[in-house]
>>> print(open('input-v8.tsv').read())   # TSV, C-alpha atoms
chain	number	residue	atom	x	y	z
A	1	MET	CA	18.68	-21.56	-1.53
A	2	GLY	CA	21.35	-20.86	-4.14
A	3	HIS	CA	22.08	-17.50	-5.72
A	4	ARG	CA	19.85	-16.65	-8.65
A	5	PRO	CA	21.56	-14.68	-11.44
A	6	SER	CA	20.33	-11.17	-12.09
A	7	SER	CA	20.97	-8.57	-14.73
A	8	LEU	CA	22.29	-6.45	-11.86
A	9	ASP	CA	24.99	-8.96	-10.86
A	10	GLY	CA	27.72	-7.17	-12.76
A	11	PHE	CA	27.57	-4.20	-10.43
A	12	ARG	CA	28.83	-6.35	-7.56
A	13	THR	CA	32.36	-6.84	-8.84
A	14	GLU	CA	35.13	-5.18	-6.83
A	15	ARG	CA	32.69	-3.69	-4.32
A	16	ALA	CA	33.97	-5.34	-1.18
A	17	PRO	CA	33.16	-5.32	1.61
A	18	GLU	CA	29.54	-6.32	1.13
A	19	PRO	CA	26.93	-4.20	2.89
A	20	ARG	CA	25.36	-5.02	6.21
A	21	LEU	CA	21.61	-5.19	5.93
A	22	ALA	CA	19.11	-4.76	8.74
A	23	VAL	CA	15.33	-4.92	8.85
A	24	VAL	CA	12.82	-3.49	11.30
A	25	GLY	CA	9.85	-5.83	11.37
A	26	ASN	CA	7.98	-8.49	13.27
A	27	PRO	CA	10.47	-11.40	13.47
A	28	GLU	CA	7.81	-14.09	13.22
A	29	ASN	CA	6.21	-12.58	10.12
A	30	ARG	CA	6.56	-14.08	6.66
A	31	ARG	CA	7.55	-10.68	5.29
A	32	VAL	CA	10.74	-10.74	7.34
A	33	ALA	CA	11.36	-14.39	6.41
A	34	LEU	CA	11.06	-13.58	2.70
A	35	PHE	CA	13.53	-10.72	3.03
A	36	GLU	CA	15.94	-12.92	4.99
A	37	ASP	CA	15.74	-15.55	2.26
A	38	ALA	CA	16.48	-12.96	-0.42
A	39	VAL	CA	19.49	-11.60	1.45
A	40	ARG	CA	20.96	-15.07	1.97
A	41	ALA	CA	20.29	-16.01	-1.66
A	42	ALA	CA	22.40	-13.00	-2.69
A	43	GLY	CA	25.32	-14.47	-0.74
A	44	LEU	CA	25.13	-11.98	2.12
A	45	PRO	CA	24.95	-12.63	5.86
A	46	ALA	CA	21.45	-12.77	7.30
A	47	PRO	CA	20.13	-9.29	8.07
A	48	ARG	CA	19.91	-8.07	11.62
A	49	VAL	CA	16.26	-8.11	12.66
A	50	VAL	CA	15.04	-5.36	14.98
A	51	PRO	CA	11.50	-6.07	16.30
A	52	TRP	CA	8.90	-3.33	16.06
A	53	ALA	CA	7.84	-4.24	19.59
A	54	ASP	CA	11.31	-3.31	20.87
A	55	VAL	CA	11.33	-0.05	18.91
A	56	LEU	CA	7.92	0.97	20.24
A	57	SER	CA	8.53	0.01	23.84
A	58	GLY	CA	12.19	1.02	23.99
A	59	GLY	CA	12.18	4.49	22.50
A	60	GLY	CA	13.70	3.64	19.14
A	61	ALA	CA	16.75	1.74	17.90
A	62	ASP	CA	20.33	2.46	16.85
A	63	PHE	CA	22.08	1.40	13.66
A	64	THR	CA	25.71	1.61	12.67
A	65	ALA	CA	26.77	3.92	9.86
A	66	GLU	CA	27.35	1.02	7.45
A	67	GLU	CA	24.00	-0.68	8.01
A	68	ILE	CA	21.43	-0.38	5.23
A	69	VAL	CA	18.06	-0.43	6.95
A	70	ARG	CA	14.79	-1.68	5.50
A	71	LEU	CA	11.48	-1.06	7.27
A	72	ASP	CA	8.80	-3.70	6.97
A	73	SER	CA	5.14	-3.70	7.91
A	74	PRO	CA	4.30	-3.68	11.65
A	75	GLY	CA	1.06	-5.54	10.91
A	76	GLU	CA	-0.17	-8.99	11.93
A	77	ASN	CA	1.24	-8.84	15.46
A	78	PRO	CA	-1.32	-8.28	18.26
A	79	GLU	CA	1.17	-6.77	20.71
A	80	VAL	CA	2.56	-4.33	18.14
A	81	ASP	CA	-0.98	-3.44	17.12
A	82	ARG	CA	-1.84	-2.73	20.75
A	83	LEU	CA	1.20	-0.49	21.11
A	84	LEU	CA	0.30	1.41	17.94
A	85	ARG	CA	-3.49	1.66	18.16
A	86	GLY	CA	-4.08	1.22	21.87
A	87	ALA	CA	-6.82	-1.33	21.15
A	88	ALA	CA	-7.02	-4.60	23.04
A	89	ASP	CA	-8.83	-6.31	20.15
A	90	PRO	CA	-6.81	-6.35	16.88
A	91	THR	CA	-9.98	-6.92	14.85
A	92	ARG	CA	-11.33	-3.47	15.75
A	93	VAL	CA	-11.29	-0.96	12.91
A	94	GLU	CA	-11.06	2.24	14.94
A	95	GLY	CA	-7.76	3.76	16.04
A	96	SER	CA	-5.99	4.32	12.71
A	97	GLY	CA	-5.31	7.97	13.60
A	98	ARG	CA	-3.50	6.93	16.76
A	99	TRP	CA	-1.70	4.21	14.76
A	100	TYR	CA	-0.42	6.82	12.32
A	101	THR	CA	0.87	9.16	14.99
A	102	ARG	CA	2.67	6.41	16.88
A	103	PHE	CA	4.02	4.72	13.75
A	104	THR	CA	5.51	7.87	12.25
A	105	THR	CA	6.98	8.75	15.66
A	106	ALA	CA	8.53	5.29	15.87
A	107	VAL	CA	10.03	5.63	12.39
A	108	ARG	CA	11.66	8.90	13.40
A	109	SER	CA	13.02	7.27	16.56
A	110	LEU	CA	15.36	5.08	14.48
A	111	ARG	CA	18.88	6.45	14.67
A	112	GLY	CA	21.80	5.94	12.29
A	113	GLY	CA	22.19	3.70	9.29
A	114	VAL	CA	21.18	4.32	5.68
A	115	ARG	CA	17.44	4.04	5.07
A	116	LEU	CA	15.59	2.32	2.25
A	117	ASP	CA	12.39	4.04	3.44
A	118	ASP	CA	12.40	7.81	3.98
A	119	PRO	CA	10.58	8.96	7.17
A	120	ASP	CA	9.05	12.04	5.54
A	121	GLU	CA	7.84	10.07	2.54
A	122	LEU	CA	6.37	7.37	4.76
A	123	ALA	CA	4.38	10.04	6.58
A	124	VAL	CA	2.84	11.02	3.22
A	125	LEU	CA	2.32	7.45	2.01
A	126	PHE	CA	0.35	6.63	5.15
A	127	ASP	CA	-1.95	9.63	4.81
A	128	LYS	CA	-4.19	9.13	1.78
A	129	ARG	CA	-5.11	12.81	1.68
A	130	LEU	CA	-1.49	13.94	1.48
A	131	CYS	CA	-0.51	11.16	-0.92
A	132	HIS	CA	-3.35	12.01	-3.29
A	133	ALA	CA	-2.29	15.66	-3.36
A	134	VAL	CA	1.35	14.79	-4.11
A	135	LEU	CA	0.34	12.49	-6.95
A	136	ASP	CA	-2.12	15.01	-8.39
A	137	ALA	CA	0.45	17.81	-8.30
A	138	ALA	CA	2.89	15.60	-10.21
A	139	GLY	CA	0.36	14.96	-12.96
A	140	VAL	CA	-0.31	11.35	-11.98
A	141	PRO	CA	-3.90	10.41	-12.94
A	142	VAL	CA	-5.93	9.91	-9.75
A	143	PRO	CA	-9.64	9.83	-8.92
A	144	ALA	CA	-11.12	13.24	-8.12
A	145	SER	CA	-11.17	14.01	-4.40
A	146	PRO	CA	-12.56	16.90	-2.33
A	147	THR	CA	-10.37	15.91	0.64
A	148	SER	CA	-7.01	15.98	-1.15
A	149	GLY	CA	-4.14	17.80	0.52
A	150	PRO	CA	-3.82	19.84	3.73
A	151	GLN	CA	-6.49	22.28	2.47
A	152	GLY	CA	-8.96	19.54	1.59
A	153	ALA	CA	-12.45	19.56	2.99
A	154	PRO	CA	-12.67	18.00	6.48
A	155	VAL	CA	-14.94	15.00	6.98
A	156	ARG	CA	-16.41	15.16	10.47
A	157	GLY	CA	-19.08	12.58	9.84
A	158	TRP	CA	-21.74	11.25	7.50
A	159	ASP	CA	-23.34	14.68	7.00
A	160	ASP	CA	-20.10	15.92	5.44
A	161	VAL	CA	-19.98	12.89	3.13
A	162	ARG	CA	-23.54	13.54	2.00
A	163	ALA	CA	-22.71	17.22	1.42
A	164	ALA	CA	-19.64	16.31	-0.65
A	165	MET	CA	-21.69	13.90	-2.75
A	166	ARG	CA	-24.14	16.68	-3.57
A	167	GLU	CA	-21.61	19.46	-4.10
A	168	HIS	CA	-19.25	17.42	-6.27
A	169	ARG	CA	-21.95	15.34	-7.96
A	170	MET	CA	-20.46	12.09	-6.78
A	171	ALA	CA	-23.26	9.57	-6.80
A	172	ARG	CA	-20.65	6.86	-6.26
A	173	LEU	CA	-17.56	7.29	-4.12
A	174	PHE	CA	-15.13	5.55	-1.82
A	175	VAL	CA	-14.91	6.58	1.81
A	176	LYS	CA	-11.47	5.58	3.10
A	177	PRO	CA	-9.80	5.92	6.49
A	178	ALA	CA	-6.95	8.34	5.79
A	179	HIS	CA	-4.44	6.08	7.53
A	180	GLY	CA	-5.98	2.69	6.77
A	181	SER	CA	-4.57	-0.30	4.90
A	182	SER	CA	-5.78	-3.63	3.48
A	183	ALA	CA	-9.22	-2.09	2.82
A	184	SER	CA	-9.86	-1.82	6.57
A	185	GLY	CA	-12.77	0.55	7.11
A	186	VAL	CA	-13.24	1.32	3.40
A	187	LEU	CA	-16.80	1.86	2.18
A	188	ALA	CA	-17.88	1.88	-1.46
A	189	VAL	CA	-20.94	4.15	-1.34
A	190	GLU	CA	-23.53	4.57	-4.10
A	191	SER	CA	-26.73	6.55	-4.12
A	192	GLY	CA	-29.86	6.11	-6.19
A	193	GLY	CA	-33.21	7.68	-6.83
A	194	GLY	CA	-35.61	8.32	-4.00
A	195	GLY	CA	-32.80	8.88	-1.52
A	196	ARG	CA	-31.65	5.28	-1.66
A	197	ILE	CA	-28.12	4.63	-0.44
A	198	ARG	CA	-25.93	1.54	-0.27
A	199	ALA	CA	-22.45	0.88	1.12
A	200	THR	CA	-20.29	-2.16	0.38
A	201	THR	CA	-17.60	-2.82	2.98
A	202	SER	CA	-15.81	-5.43	5.06
A	203	VAL	CA	-16.75	-3.54	8.25
A	204	GLU	CA	-19.00	-5.42	10.64
A	205	LEU	CA	-21.14	-3.04	12.71
A	206	ALA	CA	-21.76	-4.62	16.12
A	207	ALA	CA	-24.89	-4.07	18.19
A	208	ASP	CA	-22.92	-1.88	20.61
A	209	GLY	CA	-21.71	0.35	17.75
A	210	GLY	CA	-18.21	-1.12	17.62
A	211	LEU	CA	-16.61	-1.68	14.21
A	212	TYR	CA	-14.82	-4.93	13.39
A	213	ASN	CA	-12.80	-6.09	10.40
A	214	SER	CA	-14.37	-9.05	8.68
A	215	LEU	CA	-13.30	-11.35	5.87
A	216	ARG	CA	-16.83	-11.15	4.50
A	217	VAL	CA	-17.77	-8.22	2.31
A	218	ARG	CA	-21.30	-7.07	3.14
A	219	ARG	CA	-23.79	-4.44	2.07
A	220	TYR	CA	-25.59	-1.90	4.22
A	221	GLU	CA	-28.73	-0.30	2.80
A	222	ARG	CA	-30.04	1.52	5.88
A	223	GLU	CA	-28.61	5.02	5.91
A	224	GLN	CA	-28.54	5.04	9.71
A	225	ASP	CA	-26.14	2.07	9.68
A	226	ILE	CA	-23.88	3.68	7.09
A	227	ALA	CA	-23.93	6.93	9.05
A	228	ALA	CA	-23.02	5.08	12.26
A	229	ILE	CA	-19.97	3.53	10.60
A	230	VAL	CA	-18.77	6.79	9.03
A	231	ASP	CA	-19.37	8.79	12.22
A	232	ALA	CA	-17.32	6.26	14.22
A	233	LEU	CA	-14.44	6.39	11.72
A	234	ALA	CA	-14.39	10.16	11.18
A	235	PRO	CA	-12.28	11.09	14.25
A	236	ASP	CA	-9.40	9.07	12.76
A	237	GLY	CA	-9.56	11.05	9.51
A	238	LEU	CA	-11.37	10.19	6.28
A	239	HIS	CA	-10.54	10.57	2.61
A	240	LEU	CA	-13.15	10.68	-0.18
A	241	GLU	CA	-12.55	9.66	-3.81
A	242	ARG	CA	-14.79	9.43	-6.83
A	243	TRP	CA	-15.58	5.78	-7.65
A	244	LEU	CA	-14.14	5.21	-11.14
A	245	PRO	CA	-15.66	2.44	-13.27
A	246	LYS	CA	-12.98	-0.21	-13.79
A	247	ALA	CA	-12.27	-2.62	-16.60
A	248	SER	CA	-13.33	-6.21	-16.10
A	249	GLN	CA	-11.94	-9.67	-16.69
A	250	ASP	CA	-14.23	-12.69	-16.90
A	251	GLY	CA	-17.10	-10.57	-15.61
A	252	ARG	CA	-15.21	-9.44	-12.52
A	253	ALA	CA	-13.88	-5.95	-11.75
A	254	ALA	CA	-10.12	-5.86	-12.26
A	255	ASP	CA	-7.21	-3.79	-11.04
A	256	LEU	CA	-3.47	-4.33	-10.72
A	257	ARG	CA	-0.90	-4.21	-7.97
A	258	VAL	CA	2.36	-3.11	-9.55
A	259	VAL	CA	5.57	-3.18	-7.52
A	260	VAL	CA	8.12	-0.49	-8.39
A	261	VAL	CA	11.70	-1.03	-7.22
A	262	ALA	CA	14.31	1.72	-7.58
A	263	GLY	CA	12.09	3.51	-10.09
A	264	ARG	CA	11.28	0.52	-12.32
A	265	ALA	CA	8.04	-1.44	-12.47
A	266	THR	CA	9.31	-4.94	-11.75
A	267	HIS	CA	6.30	-7.08	-10.73
A	268	ALA	CA	2.57	-7.00	-11.39
A	269	VAL	CA	-0.45	-9.03	-10.43
A	270	VAL	CA	-4.05	-8.73	-11.58
A	271	ARG	CA	-6.74	-8.80	-8.89
A	272	THR	CA	-10.35	-9.47	-9.77
A	273	SER	CA	-13.50	-9.42	-7.67
A	274	ARG	CA	-17.28	-9.31	-7.83
A	275	SER	CA	-17.21	-6.63	-5.12
A	276	PRO	CA	-15.64	-3.15	-5.31
A	277	MET	CA	-12.75	-4.36	-3.12
A	278	THR	CA	-10.29	-6.59	-4.99
A	279	ASN	CA	-8.06	-7.42	-1.99
A	280	LEU	CA	-7.19	-11.09	-2.08
A	281	HIS	CA	-8.02	-11.62	1.60
A	282	LEU	CA	-11.55	-10.34	0.92
A	283	GLY	CA	-12.32	-12.88	-1.76
A	284	GLY	CA	-10.45	-11.31	-4.65
A	285	ARG	CA	-8.74	-13.65	-7.08
A	286	ARG	CA	-5.59	-13.35	-9.14
A	287	GLY	CA	-6.39	-12.71	-12.78
A	288	ASP	CA	-4.57	-13.29	-16.06
A	289	LEU	CA	-1.82	-10.73	-16.59
A	290	ASP	CA	-1.15	-11.84	-20.17
A	291	ALA	CA	-4.83	-11.29	-20.99
A	292	VAL	CA	-4.67	-7.79	-19.49
A	293	ARG	CA	-1.66	-6.92	-21.60
A	294	ALA	CA	-3.43	-8.25	-24.71
A	295	ASN	CA	-6.55	-6.22	-23.88
A	296	VAL	CA	-4.51	-3.05	-23.42
A	297	GLU	CA	-2.74	-3.48	-26.73
A	298	ALA	CA	-5.94	-4.48	-28.55
A	299	ALA	CA	-7.48	-1.21	-27.33
A	300	GLY	CA	-4.69	0.72	-29.05
A	301	ALA	CA	-2.83	1.56	-25.86
A	302	ARG	CA	0.64	0.49	-24.78
A	303	TRP	CA	1.33	-1.79	-21.84
A	304	THR	CA	4.51	0.15	-21.13
A	305	ASP	CA	2.44	3.32	-20.74
A	306	LEU	CA	0.37	1.72	-17.96
A	307	LEU	CA	3.54	0.63	-16.22
A	308	GLY	CA	4.84	4.14	-16.78
A	309	VAL	CA	1.95	5.56	-14.77
A	310	CYS	CA	3.09	3.41	-11.85
A	311	GLU	CA	6.67	4.54	-12.25
A	312	GLN	CA	5.50	8.15	-12.37
A	313	ALA	CA	3.66	7.61	-9.08
A	314	ALA	CA	6.70	5.98	-7.48
A	315	ALA	CA	8.90	8.87	-8.65
A	316	CYS	CA	6.98	11.09	-6.23
A	317	PHE	CA	8.78	9.17	-3.46
A	318	PRO	CA	12.39	9.11	-4.70
A	319	ARG	CA	13.96	8.25	-1.33
A	320	THR	CA	11.87	5.10	-0.82
A	321	LEU	CA	13.28	2.02	-2.54
A	322	CYS	CA	10.06	0.09	-3.14
A	323	VAL	CA	6.35	0.88	-3.32
A	324	GLY	CA	3.30	-1.06	-4.43
A	325	VAL	CA	1.01	0.92	-6.75
A	326	ASP	CA	-2.67	0.04	-7.11
A	327	LEU	CA	-3.52	0.77	-10.73
A	328	LEU	CA	-7.17	1.18	-11.75
A	329	PRO	CA	-7.65	0.43	-15.47
A	330	ALA	CA	-10.59	2.27	-16.98
A	331	VAL	CA	-13.34	0.52	-18.90
A	332	GLY	CA	-11.90	-0.19	-22.35
A	333	TRP	CA	-8.32	-0.64	-21.05
A	334	ARG	CA	-6.95	2.48	-22.76
A	335	ARG	CA	-6.30	4.53	-19.61
A	336	ALA	CA	-5.65	3.98	-15.93
A	337	ALA	CA	-5.54	5.91	-12.69
A	338	VAL	CA	-3.65	5.34	-9.46
A	339	GLY	CA	-5.83	4.41	-6.50
A	340	GLU	CA	-3.16	3.91	-3.84
A	341	VAL	CA	0.60	3.92	-3.34
A	342	ASN	CA	1.57	1.44	-0.63
A	343	ALA	CA	4.80	1.60	1.34
A	344	PHE	CA	4.56	-2.11	2.19
A	345	GLY	CA	2.97	-3.31	-1.03
A	346	ASP	CA	5.54	-5.94	-2.01
A	347	LEU	CA	4.03	-9.08	-0.43
A	348	LEU	CA	3.61	-11.15	-3.59
A	349	PRO	CA	5.26	-14.49	-2.70
A	350	ARG	CA	6.80	-16.52	-5.51
A	351	LEU	CA	5.93	-13.92	-8.16
A	352	THR	CA	8.91	-13.25	-10.43
A	353	GLY	CA	9.76	-10.11	-12.34
A	354	LEU	CA	8.17	-8.79	-15.52
A	355	PRO	CA	9.96	-9.40	-18.83
A	356	GLY	CA	12.32	-6.54	-19.55
A	357	SER	CA	12.15	-5.21	-15.98
A	358	GLY	CA	15.66	-6.25	-14.97
A	359	ALA	CA	14.10	-8.45	-12.26
A	360	GLU	CA	13.39	-11.53	-14.35
A	361	GLY	CA	13.64	-14.63	-12.18
A	362	LEU	CA	13.62	-12.56	-8.97
A	363	ASP	CA	10.80	-12.19	-6.48
A	364	THR	CA	9.99	-8.75	-5.07
A	365	HIS	CA	12.38	-9.09	-2.15
A	366	ALA	CA	15.26	-10.41	-4.25
A	367	ALA	CA	14.73	-7.51	-6.68
A	368	GLN	CA	15.13	-5.04	-3.83
A	369	VAL	CA	18.33	-6.70	-2.61
A	370	ALA	CA	19.67	-6.67	-6.18
A	371	ALA	CA	18.86	-2.97	-6.48
A	372	VAL	CA	20.76	-2.20	-3.28
A	373	LEU	CA	23.77	-4.22	-4.44
A	374	GLY	CA	23.64	-2.52	-7.82
A	375	ASP	CA	23.85	0.94	-6.31
A	376	LEU	CA	26.19	0.50	-3.37
A	377	ALA	CA	28.18	3.63	-4.08
A	378	ARG	CA	25.14	5.80	-3.61
A	379	TYR	CA	24.02	3.97	-0.49
A	380	ARG	CA	27.47	4.32	1.03
A	381	THR	CA	27.19	8.09	0.68
A	382	GLY	CA	23.87	7.94	2.52
A	383	THR	CA	21.89	9.44	-0.39
A	384	PRO	CA	19.84	6.64	-1.99
A	385	HIS	CA	17.44	7.61	-4.81
A	386	ALA	CA	18.28	11.32	-4.45
>>> encode(input="input-v8.tsv", output="structure tokens")
Amino acid sequence: MGHRPSSLDGFRTERAPEPRLAVVGNPENRRVALFEDAVRAAGLPAPRVVPWADVLSGGGADFTAEEIVRLDSPGENPEVDRLLRGAADPTRVEGSGRWYTRFTTAVRSLRGGVRLDDPDELAVLFDKRLCHAVLDAAGVPVPASPTSGPQGAPVRGWDDVRAAMREHRMARLFVKPAHGSSASGVLAVESGGGGRIRATTSVELAADGGLYNSLRVRRYEREQDIAAIVDALAPDGLHLERWLPKASQDGRAADLRVVVVAGRATHAVVRTSRSPMTNLHLGGRRGDLDAVRANVEAAGARWTDLLGVCEQAAACFPRTLCVGVDLLPAVGWRRAAVGEVNAFGDLLPRLTGLPGSGAEGLDTHAAQVAAVLGDLARYRTGTPHA
């Protein structure tokens, strides 16, 4: 693959020698392959790949002072999942608390090099309660939450969820594993008259009480089933958020995944779904980004302001090169809130940069490589994004 020109190319003149890049990831995973392709396309040697399995089983890894180190997702590898969660079956939902403890420990076991992902910030990004509090304190619009921050209300089981719904008048809310990802274990809960309750989720509740990830979104309407799921997830930590009504496109609920690289919103995709979860692997579909922009501007709002909300969220994590922000546009398209900030939210293959972003013609991985090359002086001092 040949080099694709970038608006950042000019920064590369007279900056020899070129940096040495390394990535911690699962070597067989497409995420690593996409990053390798981007590095080679920039005319650099292939990055050194350090497997997560080796880091977890070998007590860490060492990097030279000149290596610029990217961390990639440890997901989609059964052995790595076993080392992190301690579960023999990777489809099980439980164990995210153990995953978090072991993952953050593994990140801190990496020695040397210059990091594109800050260990302290990763620890916040992978705890929804802490992340929500950081965003809220910075003035980023987020759904209301009684569990936000270290002083948030604990959720020890379904009884605590029911109590929070009453106390905070949340007839509709999301119950999220504090350390979950990809909608694993998430329940969209809504209550009605006469004590009726319903939860929409991808969790499959087995006859023995075990919880399994499923590609089929289902509804539970027996409170005892919903309680069983929440009670099983509670020991791993739970986060509660008010369920905000979202804008729609073609009759389907819509939100956006916006990738922010080095402080700039560079890529965006619309996700639509007939269920509360818009994740593409759960039946969500990509929507029409041009139509979203037109709707925003027709409502009297500015598209750049919505992107600015994502950049404001990313600015809360200044020592992390790239994050994926889940933006929840309100009904009417005039406002939006941030639902999640994802450390590994850049998996949008073949999607090129937004007009005016500085990443036109570049995919998410190429944009990150360009950002590193455009700011080598700072990386060489070991203080990226400070």
>>> residues_near_point(input="input-v8.tsv", point="(6.1, 5.1, -10.1)", cutoff="12 Å", atoms="all atoms listed in the file", output="number ranges by chain")
A: 135, 138-141, 257-266, 305-318, 320-327, 337-338, 340-342
>>> residues_around(input="input-v8.tsv", residues="Asp225 (chain A)", least_positions_apart="6", cutoff="10 Å", atoms="only C-alpha atoms", output="PyMOL selection string")
chain A and resi 198-199+205+209+231
>>> atom_distance(input="input-v8.tsv", atom1="CA of Arg218 (chain A)", atom2="CA of Leu187 (chain A)")
10.0 Å
>>> atom_distance(input="input-v8.tsv", atom1="CA of Gly192 (chain A)", atom2="CA of Met165 (chain A)")
11.8 Å
>>> closest_residue(input="input-v8.tsv", among="A:Pro177, A:Pro78, A:Pro245, A:Gly25", to="Asp54 (chain A)", atoms="all atoms listed in the file")
A:Gly25
>>> residues_around(input="input-v8.tsv", residues="Glu223 (chain A)", least_positions_apart="3", cutoff="10 Å", atoms="only C-alpha atoms", output="JSON, numbers by chain")
{"A": [158, 195, 196, 197, 198, 199, 220, 226, 227, 228, 229]}
>>> atom_distance(input="input-v8.tsv", atom1="CA of Gln368 (chain A)", atom2="CA of Arg335 (chain A)")
28.3 Å
>>> closest_residue(input="input-v8.tsv", among="A:Ala22, A:Ala33, A:Val270, A:Ala253", to="Asp290 (chain A)", atoms="only C-alpha atoms")
A:Val270
>>> residues_around(input="input-v8.tsv", residues="Glu204 (chain A)", least_positions_apart="3", cutoff="10 Å", atoms="all atoms listed in the file", output="list in words")
Arg92, Val93, Gly185, Thr201, Ala207, Gly209, Gly210, Leu211, Tyr212, Asn213, Ser214, Leu215, Arg216, Val217, Arg218, Arg219, Tyr220 and Ile229 of chain A
>>> closest_atom_pairs(input="input-v8.tsv", of="region 149-232 of chain A", to="region 98-104 of chain A", cutoff="10 Å", atoms="only C-alpha atoms", output="Markdown table")
| residue | atom | partner | partner_atom | distance |
| --- | --- | --- | --- | --- |
| A:Ala178 | CA | A:Tyr100 | CA | 9.4 |
| A:His179 | CA | A:Tyr100 | CA | 6.3 |
| A:Gly180 | CA | A:Tyr100 | CA | 8.9 |
>>> write_last_selection(input="input-v8.tsv", atoms="C-alpha atoms", output="PDB file, keeping the file's coordinate frame")
ATOM      1  CA  ALA A 178      -6.950   8.340   5.790  1.00  0.00           C
ATOM      2  CA  HIS A 179      -4.440   6.080   7.530  1.00  0.00           C
ATOM      3  CA  GLY A 180      -5.980   2.690   6.770  1.00  0.00           C
TER       4      GLY A 180
END
